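K.L.:
One structure is given below, represented as structure tokens, and several questions about it will come after.
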Amino acid sequence: MPVLTDPQRLELLKLLQNEPQMSQRDLAQAMGVSLGKANYCLRALMEKGLVKLANFRRNPDKREYAYLLTPAGLDEKSRITMDFLRRKLAEYETLEKEIEKLRGELKNG
């Protein structure tokens with residue numbers, strides 16, 4: 001099974017933080033992956049201590065669960081978000097320089 005990339009991990013952590021009651025099937029659909037890959041990803045996050053499985057105490061149907069981000073999961077989400085932001089800012093700065101260079105070439109004919 002392939003390793004979960006940072007963008008995939010970030011997407012999954014964001015989904016779980018926003019909707020902890022999502023089923024694995026819903027998560028798979030939201031991420032555009034198979035149910036098996038969603039299950040694999042959730043298990044990997046749980047093994048790393050980033051997500052925990054919690055039972056709804058007030059729900060009469062005890063088969064319903066929520067995937068909750070642990071403090072380590074929240075830290076990981078923040079770390080990945082900062083890495084993503086740094087990468088995108090560097091790309092933006094590179095594009096700005098390329099655009100200015102192309103404008104100069106067009107101006108000089």
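The way I read the labels, and the way they are meant: chains A, B, ... in the order of the structure tokens, residue 1 as the first residue of every chain, and ligand 1 as the first ligand shown, with later ones counted on from there.
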So which residues of chain A fall under helix (DSSP H, G or I) by DSSP, listed as number ranges by chain?
P.N.:
A: 6-18, 24-31, 35-47, 71-107
K.L.:
DSSP on the backbone, then: every residue of stretch 20-103 of chain A marked strand (DSSP E or B), written as a list in words.
P.N.:
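Matching residues for strand (DSSP E or B) in stretch 20-103 of chain A are Val51, Lys52, Leu53, Ala54, Asn55, Tyr65, Ala66, Tyr67, Leu68 and Leu69 of chain A.
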K.L.:
For the atom pair atom CA of A:Leu53 and atom CA of A:Leu69, what is the interatomic distance in Å to one decimal place?
P.N.:
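Separating atom CA of A:Leu53 from atom CA of A:Leu69 is a distance of 9.0 Å.
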K.L.:
Would you list the contacts of A:Thr81 as a PyMOL selection string, taking every protein, DNA or RNA residue within 10 Å and counting only C-alpha atoms, but skipping same-chain residues closer than 5 positions in sequence?
P.N.:
chain A and resi 6-7+10-11+75-76+86-87
K.L.:
For a quick check of understanding, using only C-alpha atoms, which of A:Pro20, A:Arg79, A:Leu27, A:Ala72 has the smallest distance to A:Asn55?
P.N.:
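When distances to A:Asn55 are compared using only C-alpha atoms, the smallest one comes from A:Pro20.
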K.L.:
Which is closer to A:Arg25 than all the others in A:Arg103, A:Lys52, A:Lys37, A:Arg43, using only C-alpha atoms?
P.N.:
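Of all the options, A:Lys37 lies closest to A:Arg25.
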K.L.:
From the list A:Leu95, A:Leu13, A:Leu4, A:Leu85, which residue is nearest A:Tyr40 when using only C-alpha atoms?
P.N.:
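Among the listed residues, A:Leu4 lies closest to A:Tyr40.
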K.L.:
In Å, with one decimal, what is the gap from atom CA of A:Gln29 to atom CA of A:Lys48?
P.N.:
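Atom CA of A:Lys48 lies 23.2 Å from atom CA of A:Gln29.
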K.L.:
I'd like the contact shell of A:Arg9 - 9 Å cut-off, only C-alpha atoms, skipping same-chain residues fewer than 6 positions apart - returned as a list of chain:residue names.
P.N.:
A:Cys41, A:Leu45, A:Lys77, A:Ile80
K.L.:
Keeping C-alpha atoms for every residue in the selection just given, could you write it to a file as an mmCIF file, in the first residue's frame?
P.N.:
data_model
loop_
_atom_site.group_PDB
_atom_site.id
_atom_site.type_symbol
_atom_site.label_atom_id
_atom_site.label_comp_id
_atom_site.auth_asym_id
_atom_site.auth_seq_id
_atom_site.Cartn_x
_atom_site.Cartn_y
_atom_site.Cartn_z
ATOM 1 C CA CYS A 41 -5.092 5.829 5.890
ATOM 2 C CA LEU A 45 -3.167 7.887 11.444
ATOM 3 C CA LYS A 77 -2.133 19.301 10.752
ATOM 4 C CA ILE A 80 1.702 20.191 7.251
#
K.L.:
Using only C-alpha atoms, find the one residue out of A:Thr94, A:Asn108, A:Asn39, A:Thr5 that sits nearest to A:Asp26.
P.N.:
A:Asn39
